[in-house]
>>> print(open('input.cif').read())   # mmCIF, C-alpha atoms and all ligand atoms
data_entry
#
loop_
_atom_site.label_atom_id
_atom_site.label_comp_id
_atom_site.auth_asym_id
_atom_site.auth_seq_id
_atom_site.Cartn_x
_atom_site.Cartn_y
_atom_site.Cartn_z
CA MET A 24 -42.39 -11.21 8.46
CA ASN A 25 -43.73 -11.48 4.91
CA PHE A 26 -42.79 -14.32 2.59
CA HIS A 27 -43.55 -13.91 -1.12
CA ILE A 28 -43.10 -17.15 -3.03
CA MET A 29 -42.89 -17.04 -6.82
CA THR A 30 -43.99 -20.42 -8.13
CA LEU A 31 -45.81 -22.37 -10.84
CA PHE A 32 -47.42 -24.49 -8.10
CA PRO A 33 -48.98 -22.05 -5.61
CA ASP A 34 -51.38 -24.65 -4.17
CA MET A 35 -48.53 -26.91 -3.16
CA VAL A 36 -46.86 -24.09 -1.26
CA ARG A 37 -50.07 -22.71 0.27
CA GLU A 38 -51.32 -26.07 1.46
CA GLY A 39 -47.95 -27.05 2.86
CA LEU A 40 -47.33 -23.85 4.75
CA HIS A 41 -50.84 -22.98 5.91
CA THR A 42 -50.82 -26.05 8.15
CA SER A 43 -49.36 -26.65 11.60
CA ILE A 44 -47.18 -23.99 13.24
CA THR A 45 -46.57 -21.79 10.19
CA GLY A 46 -50.30 -21.88 9.39
CA ARG A 47 -51.21 -20.87 12.91
CA ALA A 48 -48.66 -18.05 12.89
CA ALA A 49 -50.07 -16.80 9.59
CA ALA A 50 -53.62 -16.91 10.99
CA LYS A 51 -52.44 -14.86 13.98
CA GLY A 52 -50.84 -12.29 11.67
CA LEU A 53 -47.29 -12.97 12.83
CA LEU A 54 -46.35 -14.07 9.32
CA SER A 55 -47.78 -13.62 5.88
CA ILE A 56 -47.11 -16.35 3.37
CA GLU A 57 -48.15 -15.42 -0.13
CA ALA A 58 -47.73 -17.80 -3.07
CA VAL A 59 -47.77 -15.92 -6.37
CA ASN A 60 -48.46 -17.87 -9.55
CA ILE A 61 -45.90 -17.01 -12.23
CA ARG A 62 -48.35 -18.32 -14.85
CA ASP A 63 -50.65 -15.38 -14.06
CA TYR A 64 -47.97 -13.16 -15.59
CA ALA A 65 -47.58 -15.14 -18.84
CA PHE A 66 -47.74 -12.81 -21.82
CA ASN A 67 -49.32 -15.15 -24.38
CA LYS A 68 -52.86 -16.47 -24.68
CA HIS A 69 -51.84 -20.07 -23.88
CA GLN A 70 -50.36 -18.88 -20.59
CA SER A 71 -47.17 -20.79 -21.31
CA VAL A 72 -44.11 -19.72 -19.36
CA ASP A 73 -41.46 -22.04 -20.81
CA ASP A 74 -39.55 -22.34 -24.07
CA TYR A 75 -36.66 -24.24 -25.68
CA PRO A 76 -33.12 -23.26 -24.72
CA TYR A 77 -30.99 -21.50 -27.36
CA GLY A 78 -28.13 -23.74 -28.41
CA GLY A 79 -30.20 -26.88 -27.92
CA GLY A 80 -30.17 -29.34 -25.05
CA ALA A 81 -32.71 -31.32 -23.10
CA GLY A 82 -35.83 -29.83 -21.55
CA MET A 83 -37.43 -26.43 -21.38
CA LEU A 84 -36.51 -23.20 -19.62
CA MET A 85 -38.70 -20.78 -17.71
CA GLN A 86 -38.78 -17.54 -19.68
CA ALA A 87 -37.48 -14.27 -18.28
CA GLU A 88 -40.52 -12.02 -18.77
CA PRO A 89 -43.20 -13.82 -16.69
CA VAL A 90 -40.69 -14.19 -13.85
CA TYR A 91 -39.81 -10.50 -14.10
CA GLN A 92 -43.45 -9.39 -14.19
CA THR A 93 -44.23 -11.50 -11.12
CA TYR A 94 -41.29 -9.92 -9.31
CA GLN A 95 -42.44 -6.41 -10.29
CA ALA A 96 -45.96 -7.10 -9.03
CA ILE A 97 -44.60 -8.30 -5.68
CA MET A 98 -42.30 -5.29 -5.35
CA GLU A 99 -45.21 -2.94 -6.07
CA LYS A 100 -47.28 -4.65 -3.40
CA ILE A 101 -44.44 -4.36 -0.88
CA ALA A 102 -43.95 -0.66 -1.72
CA TYR A 103 -47.67 -0.02 -1.35
CA GLU A 104 -47.91 -1.83 1.97
CA THR A 105 -44.79 -0.18 3.31
CA ALA A 106 -46.14 3.27 2.42
CA GLY A 107 -49.35 2.52 4.36
CA ASP A 108 -52.89 3.60 3.64
CA GLY A 109 -52.52 7.26 4.43
CA ALA A 110 -49.39 7.77 2.33
CA GLY A 111 -48.72 11.17 0.85
CA CYS A 112 -48.31 11.88 -2.85
CA GLU A 113 -44.56 11.42 -2.90
CA GLU A 114 -43.13 8.34 -4.59
CA PRO A 115 -42.05 6.01 -1.79
CA GLU A 116 -38.40 5.04 -1.87
CA GLN A 117 -37.99 1.52 -3.27
CA LYS A 118 -37.21 -0.84 -0.42
CA LYS A 119 -34.33 -3.29 -0.83
CA VAL A 120 -35.77 -6.80 -0.71
CA ARG A 121 -33.69 -9.96 -0.89
CA VAL A 122 -34.67 -12.35 -3.65
CA VAL A 123 -33.62 -15.96 -3.09
CA TYR A 124 -33.40 -18.33 -6.05
CA LEU A 125 -33.67 -21.94 -4.86
CA SER A 126 -31.13 -23.95 -6.81
CA PRO A 127 -28.73 -26.84 -6.23
CA GLN A 128 -26.04 -24.37 -7.36
CA GLY A 129 -26.62 -22.13 -4.33
CA ARG A 130 -24.96 -21.83 -0.94
CA THR A 131 -26.13 -24.63 1.37
CA PHE A 132 -28.86 -23.52 3.73
CA ASP A 133 -28.09 -23.83 7.44
CA GLN A 134 -29.26 -22.50 10.81
CA LYS A 135 -26.99 -19.45 10.60
CA MET A 136 -28.52 -18.48 7.25
CA ALA A 137 -32.00 -18.98 8.71
CA GLU A 138 -31.10 -16.58 11.53
CA GLU A 139 -29.81 -14.04 9.05
CA PHE A 140 -32.92 -14.21 6.83
CA ALA A 141 -35.21 -13.99 9.88
CA LYS A 142 -34.06 -10.35 10.31
CA GLU A 143 -35.72 -9.37 7.00
CA GLU A 144 -39.20 -7.87 6.92
CA ASP A 145 -39.92 -9.19 3.42
CA LEU A 146 -38.33 -12.09 1.61
CA ILE A 147 -38.98 -13.16 -1.97
CA LEU A 148 -38.36 -16.82 -2.84
CA LEU A 149 -38.15 -17.83 -6.49
CA CYS A 150 -38.91 -21.46 -7.33
CA GLY A 151 -37.55 -22.78 -10.61
CA HIS A 152 -38.89 -25.65 -12.68
CA TYR A 153 -38.04 -27.51 -15.86
CA GLU A 154 -34.34 -27.12 -16.63
CA GLY A 155 -34.05 -23.75 -14.92
CA ILE A 156 -34.73 -20.08 -15.64
CA ASP A 157 -33.38 -17.73 -18.33
CA GLU A 158 -30.13 -16.40 -16.89
CA ARG A 159 -30.88 -12.76 -17.74
CA VAL A 160 -33.73 -12.38 -15.29
CA LEU A 161 -31.73 -14.13 -12.57
CA GLU A 162 -28.93 -11.58 -13.09
CA GLU A 163 -31.42 -8.78 -12.76
CA ILE A 164 -33.41 -9.75 -9.67
CA VAL A 165 -31.68 -12.48 -7.61
CA THR A 166 -29.62 -11.45 -4.57
CA ASP A 167 -29.00 -14.92 -3.03
CA TYR A 168 -28.65 -18.42 -4.51
CA VAL A 169 -29.59 -21.05 -1.93
CA SER A 170 -29.56 -24.87 -2.04
CA ILE A 171 -31.00 -27.15 0.62
CA GLY A 172 -28.49 -29.91 -0.04
CA ASP A 173 -26.43 -31.68 -2.65
CA TYR A 174 -29.20 -33.47 -4.51
CA VAL A 175 -31.48 -32.40 -7.34
CA LEU A 176 -35.23 -31.96 -6.83
CA THR A 177 -37.89 -31.44 -9.49
CA GLY A 178 -38.48 -27.84 -8.45
CA GLY A 179 -37.79 -25.15 -5.89
CA GLU A 180 -41.11 -25.46 -4.00
CA LEU A 181 -40.00 -27.97 -1.37
CA PRO A 182 -36.73 -26.06 -0.75
CA ALA A 183 -38.71 -22.80 -0.41
CA MET A 184 -41.03 -24.48 2.10
CA VAL A 185 -38.04 -25.77 4.05
CA MET A 186 -36.64 -22.25 4.22
CA VAL A 187 -39.94 -20.67 5.26
CA ASP A 188 -40.37 -23.25 8.02
CA ALA A 189 -36.86 -22.85 9.42
CA ILE A 190 -36.99 -19.04 9.27
CA SER A 191 -40.55 -18.73 10.64
CA ARG A 192 -39.80 -20.56 13.86
CA LEU A 193 -37.21 -17.86 14.61
CA VAL A 194 -39.74 -15.03 14.26
CA PRO A 195 -40.74 -13.82 17.75
CA GLY A 196 -44.06 -15.25 18.90
CA VAL A 197 -44.22 -18.09 16.35
CA LEU A 198 -43.05 -20.66 18.89
CA HIS A 199 -43.68 -20.45 22.62
CA ASN A 200 -41.83 -17.40 23.83
CA ASP A 201 -39.53 -19.30 26.15
CA VAL A 202 -38.28 -21.65 23.44
CA SER A 203 -35.63 -19.33 22.08
CA ALA A 204 -33.88 -19.37 25.42
CA GLU A 205 -33.84 -23.15 25.44
CA PHE A 206 -31.21 -25.37 23.96
CA GLU A 207 -31.63 -26.44 20.36
CA SER A 208 -29.57 -28.49 18.00
CA PHE A 209 -26.88 -26.39 16.27
CA GLN A 210 -26.77 -23.89 19.10
CA ASP A 211 -23.04 -23.46 19.75
CA ASN A 212 -22.50 -26.09 17.03
CA LEU A 213 -23.62 -28.88 19.34
CA LEU A 214 -26.55 -31.25 18.87
CA GLU A 215 -29.37 -31.34 21.37
CA TYR A 216 -29.14 -33.77 24.33
CA PRO A 217 -31.51 -36.77 24.58
CA GLN A 218 -34.94 -36.13 26.13
CA TYR A 219 -37.37 -38.40 28.01
CA SER A 220 -41.02 -38.23 29.06
CA ARG A 221 -43.40 -40.55 30.93
CA PRO A 222 -43.42 -43.45 31.71
CA GLU A 223 -40.33 -43.73 33.85
CA VAL A 224 -39.65 -47.24 32.52
CA TRP A 225 -40.43 -48.21 28.93
CA HIS A 226 -39.36 -51.50 27.29
CA GLU A 227 -37.23 -52.04 30.39
CA LYS A 228 -35.33 -48.83 29.70
CA LYS A 229 -35.20 -46.42 32.61
CA VAL A 230 -35.01 -42.64 32.39
CA PRO A 231 -31.49 -41.51 33.45
CA GLU A 232 -31.42 -41.07 37.22
CA VAL A 233 -30.05 -37.53 37.17
CA LEU A 234 -33.17 -36.25 35.36
CA MET A 235 -35.35 -37.49 38.22
CA SER A 236 -33.17 -35.89 40.87
CA GLY A 237 -34.51 -32.34 40.63
CA HIS A 238 -30.90 -31.11 40.97
CA HIS A 239 -30.75 -28.46 38.28
CA ALA A 240 -27.00 -27.91 38.20
CA ASN A 241 -26.39 -31.64 37.78
CA ILE A 242 -29.05 -31.87 35.09
CA GLU A 243 -27.44 -29.00 33.17
CA LYS A 244 -24.01 -30.64 33.47
CA TRP A 245 -25.36 -34.00 32.27
CA ARG A 246 -27.14 -32.39 29.31
CA ARG A 247 -24.06 -30.49 28.21
CA GLU A 248 -22.00 -33.68 28.38
CA GLN A 249 -24.61 -35.61 26.41
CA SER A 250 -24.64 -32.89 23.74
CA VAL A 251 -20.88 -33.11 23.38
CA ILE A 252 -20.90 -36.93 23.22
CA ARG A 253 -23.78 -37.02 20.74
CA THR A 254 -22.13 -34.46 18.47
CA ALA A 255 -18.86 -36.42 18.58
CA LYS A 256 -20.66 -39.61 17.59
CA ARG A 257 -23.11 -38.26 15.01
CA ARG A 258 -21.74 -35.00 13.63
CA PRO A 259 -18.01 -34.78 14.38
CA ASP A 260 -17.73 -32.27 11.52
CA LEU A 261 -19.53 -29.70 13.71
CA LEU A 262 -17.17 -30.04 16.64
CA TRP A 263 -14.29 -27.99 15.32
CA LYS A 264 -16.56 -24.90 15.38
CA ALA A 265 -17.86 -25.60 18.91
CA GLU A 266 -16.30 -23.99 21.94
CA LEU A 267 -15.24 -26.82 24.21
CA THR A 268 -13.37 -26.86 27.49
CA GLU A 269 -10.16 -28.91 27.74
CA LYS A 270 -12.11 -31.52 29.70
CA GLU A 271 -14.73 -31.73 26.96
CA LYS A 272 -12.06 -32.13 24.31
CA GLU A 273 -10.78 -35.14 26.24
CA LEU A 274 -14.31 -36.51 26.41
CA VAL A 275 -14.74 -36.07 22.67
CA LYS A 276 -11.71 -38.27 21.97
CA GLU A 277 -13.46 -41.21 23.61
CA TYR A 278 -16.49 -40.95 21.38
CA LEU A 279 -15.22 -39.85 17.99
CA PRO A 280 -15.85 -42.52 15.35
CA GLU A 281 -12.74 -44.29 14.14
CA LYS A 282 -10.74 -42.36 11.55
CA GLU A 283 -11.85 -39.02 13.01
CA THR A 284 -9.23 -37.14 14.97
CA TRP A 285 -9.60 -33.96 16.94
CA LYS A 286 -9.25 -30.97 14.66
CA SER A 287 -8.49 -27.73 16.35
CA GLN A 288 -8.66 -24.47 14.45
N1 LIG B 301 -34.06 -27.09 -6.83
C1 LIG B 301 -33.78 -28.35 -7.24
N2 LIG B 301 -32.99 -28.97 -6.36
C2 LIG B 301 -32.73 -28.08 -5.36
C3 LIG B 301 -31.97 -28.12 -4.16
N3 LIG B 301 -31.28 -29.19 -3.79
N4 LIG B 301 -31.96 -27.01 -3.38
C4 LIG B 301 -32.63 -25.91 -3.75
N5 LIG B 301 -33.36 -25.81 -4.88
C5 LIG B 301 -33.42 -26.89 -5.68
#
>>> encode(input="input.cif", output="structure tokens", more="lines below")
Ligand code: ADE
Amino acid sequence: MNFHIMTLFPDMVREGLHTSITGRAAAKGLLSIEAVNIRDYAFNKHQSVDDYPYGGGAGMLMQAEPVYQTYQAIMEKIAYETAGDGAGCEEPEQKKVRVVYLSPQGRTFDQKMAEEFAKEEDLILLCGHYEGIDERVLEEIVTDYVSIGDYVLTGGELPAMVMVDAISRLVPGVLHNDVSAEFESFQDNLLEYPQYSRPEVWHEKKVPEVLMSGHHANIEKWRREQSVIRTAKRRPDLLWKAELTEKEKELVKEYLPEKETWKSQ
């Protein structure tokens, strides 16, 4: 999968994402993470990319043209790489590529969205700065508005990095191959069960007996129960989307924080 990140701070994005698991996956060729500097597409000699907003108001806006030129350059690169080296003379058909603008005004990013974006071959992420971007270029190129939560950051770089990280780990081969089959938080709208490693006793706390038993069916049962209990205690808002048995619904009632009641669809 190829990520193309449009940003005024390419080093921040490169350094952040070419480390750890995403960095290793990029080195192996499973991902490509390209940070493109919007300033390289400034059309004046000072390389400025911002200007005052019409109608007045605080701060500066990113101008439409440098953003558009950056987008065009990325699209040309994608078209060229899709056509391959030995392409014929015909104009290749323009591929549809999703362009995500990171903004607190967007739809809130979640695991389901990460799964959906992971199906794309190319994904363009546009990071805003200052007070935002001229609306006209957003209308022309953006397909998805995405927020990472209801708070305001200084720019879209950290949100873009959050998205790349969450999406990358779903790309086959990026994590150990068996991981996708394992249980993760948010799978079935339940949080992950508690986990323990050596030593068997730590600060006088013992690892739950069932995990030492080697009895796989009992371990599975215990883990499922712990997931349900943990979700009831920590994220009761997720439970109404989870598929629970009647017995589990009874269990939930014991653990829901006060004021929460069981909501069925
Ligand atoms: N840019 C500034 N704040 C943001 C947020 N919460 N999510 C996505 N992009 C942003």
>>> residues_near_ligand(input="input.cif", ligand="ligand LIG 301 (chain B)", cutoff="9 Å", atoms="all atoms listed in the file", output="PyMOL selection string")
chain A and resi 124-129+131-132+150-152+155+168-183
>>> closest_residue(input="input.cif", among="A:His41, A:Arg257, A:Arg62, A:Arg130", to="Met29 (chain A)", atoms="all atoms listed in the file")
A:Arg62
>>> atom_distance(input="input.cif", atom1="CA of Leu54 (chain A)", atom2="CA of Leu198 (chain A)")
12.1 Å
>>> closest_atom_pairs(input="input.cif", of="region 42-78 of chain A", to="region 94-100 of chain A", cutoff="10 Å", atoms="all atoms listed in the file", output="tab-separated table")
residue	atom	partner	partner_atom	distance
A:Glu57	CA	A:Ile97	CA	9.7
A:Val59	CA	A:Ile97	CA	8.3
A:Ile61	CA	A:Tyr94	CA	8.9
A:Tyr64	CA	A:Ala96	CA	9.2
>>> atom_distance(input="input.cif", atom1="CA of Ile242 (chain A)", atom2="CA of Asn212 (chain A)")
20.1 Å
>>> atom_distance(input="input.cif", atom1="CA of Ile156 (chain A)", atom2="CA of Glu116 (chain A)")
28.9 Å
>>> closest_residue(input="input.cif", among="A:Lys118, A:Lys244, A:His27, A:Lys256", to="Ile147 (chain A)", atoms="all atoms listed in the file")
A:His27
>>> residues_around(input="input.cif", residues="region 216-224 of chain A", least_positions_apart="3", cutoff="7 Å", atoms="only C-alpha atoms", output="list in words")
Glu227, Lys228, Lys229, Val230, Arg246, Gln249 and Ser250 of chain A
>>> residues_near_point(input="input.cif", point="(-18.5, -28.4, 13.8)", cutoff="12 Å", atoms="only C-alpha atoms", output="list in words")
Ser208, Phe209, Gln210, Asp211, Asn212, Leu213, Leu214, Val251, Thr254, Ala255, Arg257, Arg258, Pro259, Asp260, Leu261, Leu262, Trp263, Lys264, Ala265, Glu266, Leu267, Trp285, Lys286, Ser287 and Gln288 of chain A
>>> residues_around(input="input.cif", residues="Phe32 (chain A)", least_positions_apart="2", cutoff="8 Å", atoms="all atoms listed in the file", output="MDAnalysis selection string")
chainID A and resid 30 34:36 60 180
>>> axis_aligned_box(input="input.cif", around="region 234-246 of chain A", padding_each_side="5 Å", output="JSON")
{"center_x": -29.7, "center_y": -32.7, "center_z": 35.1, "size_x": 21.3, "size_y": 19.6, "size_z": 21.7}
>>> residues_around(input="input.cif", residues="region 161-166 of chain A", least_positions_apart="3", cutoff="6 Å", atoms="all atoms listed in the file", output="list in words")
Arg121, Val122 and Glu158 of chain A
